[in-house]
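Below is one structure, written out as structure tokens; comments come after it.
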Amino acid sequence: MDASLPRFPDGFLWGVSTSAYQIEGAADEGGRGRSSWDVFAGGRGRVKDGSDGRVATGHYHRYREDVALIEGLGVGAYRFSVAWPRVMPDGGPRVNAAGLDFYDRLVDELCAAGVRPVPTLFHWDTPAAVEAAGGWLERDTARRFAAYADVVAARLGDRVDRWITLNEPAELTLLGYGLGQHAPGRRLGFEALPAAHHQLLGHGLAVQALRARGASGIGIANSHGPTWAASESAADQEAAGLYDLLLNRLFAEPVLLGRYPEEELTAALLSGPVEEDLGVIGAPLDWYGVNYYQPTKVGAPGAEGAGTVGFAGIELPPGLPFAPREIEGYPLTDFGWPVVPAALTELLTGFRDRYGDRLPPVVITENGCSYEGVEDRERIAFLDAHVRAVHDAITAGVDVRGYFVWSLLDNFEWAEGYARKFGLVHVDRGTLARTPKASYHWLRDALRAQR
């Protein structure tokens with residue numbers, strides 16, 4: 001496939017993304033403590049193929065090889081996550097020097113390769129000791145997280161000029177605390193919402209800690225996708241509106257506007273000094289990260305065509321005030337997700353229209369797809385179309401400053417185990433050998449043409 005793409009603005013940041021638990025392995029090495037995902041993946045039947053992240057892709061020992069792959073790809077940045085339990089095995093206050101040393105070496109290797117390090121401070125791997133004390137249902141976890149952010153910034157801040165506080169607090173709230181399909185495996189339904197608030201508070205407190213260390217370039221990586229109502233009926237419109245509130249607006253508006261949507265509704269579901277906290281949560285950011293994969297069609301429950309597979313293809317329980325519907329007429333990834341590039345443009349222009357000058361510059365912090373094989377022509381088509389969708393948004397006046405592919409490597413895909421292949425690089429499960437796929441070579445050539 002032709003590797004030519006529309007010309008992007010000078011300084012546009014191209015990158016690839018990973019997360020610690022999905023790639024590092026070495027779970028029992030270097031003084032690392034156990035995480036909520038270590039505990040969850042050890043439970044029978046919780047991960048579909050019975051696997052876990054103890055070895056993952058072996059990145060902890062092979063990071064130099066992986067940095068060389070990033071350098072060869074020609075991207076300007078690498079988004080990785082720092083594992084809180086590797087740095088603070090019990091969630092604090094004890095600091096594990098060997099854990100910080102690993103990220104020190106990784107950042108040095110990236111800088112030597114001319115690749116900007118973009119650390120995410122939290123990508124779902126809560127220290128097991130913190131989870132045992134209530135995890136993100138407890139307000140104290142936000143304070144612990146800020147102390148951890150300070151420790152990481154103190155070590156890496158001289159070489160890092162772009163930071164991400166949290167990755168996808170919506171997923172951890174919904175899948176981890178609401179439905180029990182991810183760590184920590186709680187099934188609290190709407191009673192999980194305090195976990196959303198405490199994650200956002202942790203974000204705000206971490207921003208304060210980073211600023212106090214002189215850090216700039218601070219953002220968050222929230223997952224978003226357009227919500228499409230199943231019909232024009234009042235019932236379907238109301239159901240879609242509630243779904244959009246819970247999965248999009250609940251996580252965007254406290255950060256961007258300093259308030260919750262439908263304040264009476266959300267305040268009733270949250271705990272603690274919410275109004276006071278919002279002043280911390282809504283502190284200005286330097287940029288706003290968007291993880292996009294697909295839109296969702298939603299209608300009223302109990303109607304013809306209502307299904308049970310909803311957000312990110314997750315099975316939803318009965319009794320909810322909304323129901324997902326199949327999106328027809330689009331190709332599907334191997335994960336069964338519809339491929340709708342224009343919905344990314346719709347999302348970005350919609351954010352611009354809704355939030356106006358309260359929306360800082362946007363970076364697409366994740367976008368990718370699961371397909372089998374090394375000759376992955378479907379992934380090339382996916383990336384080509386979605387990069388063009390970002391360009392369409394820029395042409396329409398949205399200030400988009402970067403695009404990160406998920407993911408550099410085939411990795412541990414949470415509750416799916418190793419069955420889903422999101423990587424530009426194939427990883428052999430037996431030998432951990434890396435093999436760049438056709439999509440890797442396509443992206444490399446496309447980025448060369450941008451220079």
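Convention: chains lettered A, B, ... in structure tokens order; per-chain residue numbering from 1; ligands numbered from 1 as shown.
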
(message) Can you pull out every residue from region 116-284 of chain A that DSSP, working from the backbone, puts in strand (DSSP E or B), and format the result as a list of chain:residue names?
(response)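 Here are the strand (DSSP E or B) residues of region 116-284 of chain A: A:Arg116, A:Pro117, A:Val118, A:Pro119, A:Thr120, A:Leu121, A:Phe122, A:Pro127, A:Trp163, A:Ile164, A:Thr165, A:Leu166, A:Asn167, A:Ile218, A:Gly219, A:Ile220, A:Ala221, A:Asn222, A:Ser223, A:Thr227, A:Trp228, A:Ala229.
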
(request) May I have all residues of region 223-296 of chain A that DSSP, computed from the backbone, assigns to helix (DSSP H, G or I), given as a PyMOL selection string? (result) chain A and resi 234-257+263-269+274-281

(request) Could you tell me how far CA of Pro169 (chain A) lies from CA of Pro85 (chain A), in Å and to one decimal? (result)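 One can read the CA of Pro169 (chain A) to CA of Pro85 (chain A) distance as 18.1 Å.
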
(request) Would you kindly return, as a PyMOL selection string, each protein, DNA or RNA residue with an atom no farther than 10 Å from any atom of Ala396 (chain A), considering only C-alpha atoms and excluding same-chain residues fewer than 2 positions away? (result) chain A and resi 345+348-349+352+390-394+398-399

(request) Extract, using only C-alpha atoms, all DNA, RNA and protein residues at most 8 Å from Pro341 (chain A), discarding same-chain residues fewer than 6 positions from it, and format them as a ChimeraX atom specification. (result) /A:382,385-386,389

Would you give me, as a tab-separated table, each residue of region 381-429 of chain A having an atom within 9 Å of an atom of region 66-74 of chain A, along with its shortest atom pair and that distance in Å to one decimal, using only C-alpha atoms and sorting by chain and residue number?
residue	atom	partner	partner_atom	distance
A:Leu408	CA	A:Ile70	CA	7.9
A:Leu409	CA	A:Asp66	CA	8.8
A:Val425	CA	A:Leu69	CA	8.7

(message) Quick check, in Å to one decimal: how far apart do CA of Ala149 (chain A) and CA of Val290 (chain A) lie?
(response)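 That distance, rounded to one decimal, is 21.1 Å.
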
(message) Excluding region 136-140 of chain A and its own-chain neighbours fewer than 2 positions away, which residues fall within 7 Å of it when counting only C-alpha atoms? Please give them as a list in words.
(response) Gly134, Ala142, Arg143, Arg144, Pro194, Ala195, His198 and Gln199 of chain A

(message) Report, in Å with one decimal, the straight-line distance from CA of Gly91 (chain A) to CA of Pro127 (chain A).
(response)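 Going from CA of Gly91 (chain A) over to CA of Pro127 (chain A) covers 5.4 Å.
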
(request) With a distance cut-off of 12 Å and only C-alpha atoms, select the neighbouring residues of Asp125 (chain A), excluding the residue or stretch itself and same-chain residues fewer than 2 positions from it, and output the selection as a PyMOL selection string. (result) chain A and resi 19-22+27+32-41+53+81-89+91+120-123+127-131+135-136+145+166-167+169+172+176+182-184+414

Atoms to include: C-alpha atoms. Write the selected residues as a PDB file, in the first residue's frame.
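Saved as result.pdb:
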ATOM      1  CA  SER A  19       2.223  -0.028  29.134  1.00  0.00           C
ATOM      2  CA  ALA A  20       4.319  -1.587  31.872  1.00  0.00           C
ATOM      3  CA  TYR A  21       2.254  -4.624  32.871  1.00  0.00           C
ATOM      4  CA  GLN A  22       1.615  -5.521  29.252  1.00  0.00           C
ATOM      5  CA  ALA A  27       7.383  -9.413  37.810  1.00  0.00           C
ATOM      6  CA  ARG A  32       9.087  -4.961  42.197  1.00  0.00           C
ATOM      7  CA  GLY A  33       5.998  -5.411  44.367  1.00  0.00           C
ATOM      8  CA  ARG A  34       2.814  -7.181  43.345  1.00  0.00           C
ATOM      9  CA  SER A  35       0.148  -5.271  41.480  1.00  0.00           C
ATOM     10  CA  SER A  36      -3.625  -5.583  41.270  1.00  0.00           C
ATOM     11  CA  TRP A  37      -3.138  -7.256  37.892  1.00  0.00           C
ATOM     12  CA  ASP A  38      -0.772  -9.861  39.335  1.00  0.00           C
ATOM     13  CA  VAL A  39      -3.490 -10.771  41.815  1.00  0.00           C
ATOM     14  CA  PHE A  40      -6.326 -10.657  39.264  1.00  0.00           C
ATOM     15  CA  ALA A  41      -4.541 -12.670  36.575  1.00  0.00           C
ATOM     16  CA  GLY A  53       2.159 -10.616  32.760  1.00  0.00           C
ATOM     17  CA  SER A  81       4.157   3.613  31.578  1.00  0.00           C
ATOM     18  CA  VAL A  82       6.017   3.561  34.859  1.00  0.00           C
ATOM     19  CA  ALA A  83       4.906   0.693  37.090  1.00  0.00           C
ATOM     20  CA  TRP A  84       3.942   2.135  40.467  1.00  0.00           C
ATOM     21  CA  PRO A  85       4.712  -1.205  42.254  1.00  0.00           C
ATOM     22  CA  ARG A  86       8.176  -1.294  40.665  1.00  0.00           C
ATOM     23  CA  VAL A  87       8.982   2.143  42.074  1.00  0.00           C
ATOM     24  CA  MET A  88       7.067   1.867  45.372  1.00  0.00           C
ATOM     25  CA  PRO A  89       6.439  -1.852  46.007  1.00  0.00           C
ATOM     26  CA  GLY A  91       2.471   1.976  47.141  1.00  0.00           C
ATOM     27  CA  THR A 120       2.435   7.582  31.865  1.00  0.00           C
ATOM     28  CA  LEU A 121       2.433   7.459  35.649  1.00  0.00           C
ATOM     29  CA  PHE A 122      -0.488   5.051  36.000  1.00  0.00           C
ATOM     30  CA  HIS A 123      -1.743   2.461  33.529  1.00  0.00           C
ATOM     31  CA  PRO A 127       0.132  -1.775  43.980  1.00  0.00           C
ATOM     32  CA  ALA A 128      -1.523  -4.823  45.529  1.00  0.00           C
ATOM     33  CA  ALA A 129      -1.115  -3.413  49.037  1.00  0.00           C
ATOM     34  CA  VAL A 130      -2.959  -0.244  48.026  1.00  0.00           C
ATOM     35  CA  GLU A 131      -5.698  -2.308  46.383  1.00  0.00           C
ATOM     36  CA  GLY A 135      -7.727   0.867  46.010  1.00  0.00           C
ATOM     37  CA  TRP A 136      -9.281   3.747  44.119  1.00  0.00           C
ATOM     38  CA  PHE A 145      -0.442   8.483  43.914  1.00  0.00           C
ATOM     39  CA  LEU A 166      -3.499   8.575  34.190  1.00  0.00           C
ATOM     40  CA  ASN A 167      -4.468   6.229  31.424  1.00  0.00           C
ATOM     41  CA  PRO A 169      -9.763   6.050  34.251  1.00  0.00           C
ATOM     42  CA  LEU A 172     -10.624   1.035  35.342  1.00  0.00           C
ATOM     43  CA  GLY A 176     -12.319  -3.044  37.158  1.00  0.00           C
ATOM     44  CA  HIS A 182     -10.530  -6.349  34.798  1.00  0.00           C
ATOM     45  CA  ALA A 183      -8.452  -5.957  37.949  1.00  0.00           C
ATOM     46  CA  PRO A 184      -9.342  -5.599  40.761  1.00  0.00           C
ATOM     47  CA  TRP A 414      -5.506  -7.688  29.745  1.00  0.00           C
TER      48      TRP A 414
END

Tell me, as a tab-separated table (two decimals) with all heavy atoms, in the first residue's frame, which residues lie within 6 Å of region 430-444 of chain A, counting only C-alpha atoms; anything in the same chain fewer than 4 positions away does not count.
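File written: result-v7.tsv
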chain	number	residue	atom	x	y	z
A	3	ALA	N	2.58	4.48	0.91
A	3	ALA	CA	2.89	5.01	2.25
A	3	ALA	C	2.75	6.51	2.32
A	3	ALA	O	3.09	7.10	3.35
A	3	ALA	CB	4.30	4.59	2.65
A	73	LEU	N	11.93	2.87	13.51
A	73	LEU	CA	10.61	3.25	12.99
A	73	LEU	C	10.58	4.72	12.59
A	73	LEU	O	9.84	5.11	11.69
A	73	LEU	CB	9.56	2.96	14.06
A	73	LEU	CG	8.09	3.14	13.73
A	73	LEU	CD1	7.68	2.28	12.53
A	73	LEU	CD2	7.24	2.80	14.94
A	74	GLY	N	11.37	5.55	13.27
A	74	GLY	CA	11.45	6.95	12.91
A	74	GLY	C	10.44	7.85	13.59
A	74	GLY	O	10.25	8.99	13.17
A	374	VAL	N	1.87	-11.33	10.30
A	374	VAL	CA	2.95	-10.37	10.10
A	374	VAL	C	2.72	-9.55	8.84
A	374	VAL	O	3.08	-8.38	8.76
A	374	VAL	CB	4.31	-11.11	10.05
A	374	VAL	CG1	5.44	-10.17	9.68
A	374	VAL	CG2	4.60	-11.77	11.40
A	375	GLU	N	2.09	-10.14	7.83
A	375	GLU	CA	1.69	-9.39	6.64
A	375	GLU	C	0.33	-8.77	6.90
A	375	GLU	O	-0.69	-9.16	6.31
A	375	GLU	CB	1.68	-10.32	5.42
A	375	GLU	CG	3.04	-10.83	5.03
A	375	GLU	CD	4.00	-9.70	4.65
A	375	GLU	OE1	3.55	-8.71	4.03
A	375	GLU	OE2	5.19	-9.80	4.99
A	376	ASP	N	0.29	-7.80	7.78
A	376	ASP	CA	-0.95	-7.27	8.35
A	376	ASP	C	-1.48	-6.10	7.53
A	376	ASP	O	-1.48	-4.95	7.98
A	376	ASP	CB	-0.75	-6.89	9.81
A	376	ASP	CG	0.42	-5.94	10.03
A	376	ASP	OD1	1.27	-5.80	9.12
A	376	ASP	OD2	0.48	-5.33	11.11
A	380	ILE	N	-2.47	-1.82	8.21
A	380	ILE	CA	-2.01	-0.69	7.40
A	380	ILE	C	-3.20	0.15	6.94
A	380	ILE	O	-3.18	1.38	7.04
A	380	ILE	CB	-1.20	-1.20	6.19
A	380	ILE	CG1	0.10	-1.85	6.66
A	380	ILE	CG2	-0.90	-0.06	5.22
A	380	ILE	CD1	0.88	-2.54	5.56
A	424	LEU	N	2.79	-3.36	16.12
A	424	LEU	CA	3.50	-3.17	14.86
A	424	LEU	C	4.62	-4.19	14.72
A	424	LEU	O	5.13	-4.43	13.63
A	424	LEU	CB	4.11	-1.76	14.79
A	424	LEU	CG	3.14	-0.59	14.83
A	424	LEU	CD1	3.92	0.72	15.00
A	424	LEU	CD2	2.29	-0.54	13.58
A	425	VAL	N	4.98	-4.80	15.87
A	425	VAL	CA	6.05	-5.79	15.91
A	425	VAL	C	5.50	-7.07	16.53
A	425	VAL	O	4.90	-7.04	17.60
A	425	VAL	CB	7.25	-5.27	16.74
A	425	VAL	CG1	8.32	-6.34	16.88
A	425	VAL	CG2	7.83	-3.99	16.12
A	426	HIS	N	5.69	-8.19	15.84
A	426	HIS	CA	5.28	-9.49	16.35
A	426	HIS	C	6.26	-9.97	17.41
A	426	HIS	O	7.48	-9.79	17.27
A	426	HIS	CB	5.23	-10.51	15.20
A	426	HIS	CG	5.05	-11.92	15.65
A	426	HIS	ND1	3.85	-12.41	16.13
A	426	HIS	CD2	5.93	-12.96	15.70
A	426	HIS	CE1	3.99	-13.68	16.45
A	426	HIS	NE2	5.23	-14.04	16.20

(message) I'd like to know which of A:Asp108, A:Glu275, A:Asp49, A:Asp334 is closest to Arg379 (chain A), using only C-alpha atoms.
(response) A:Asp334
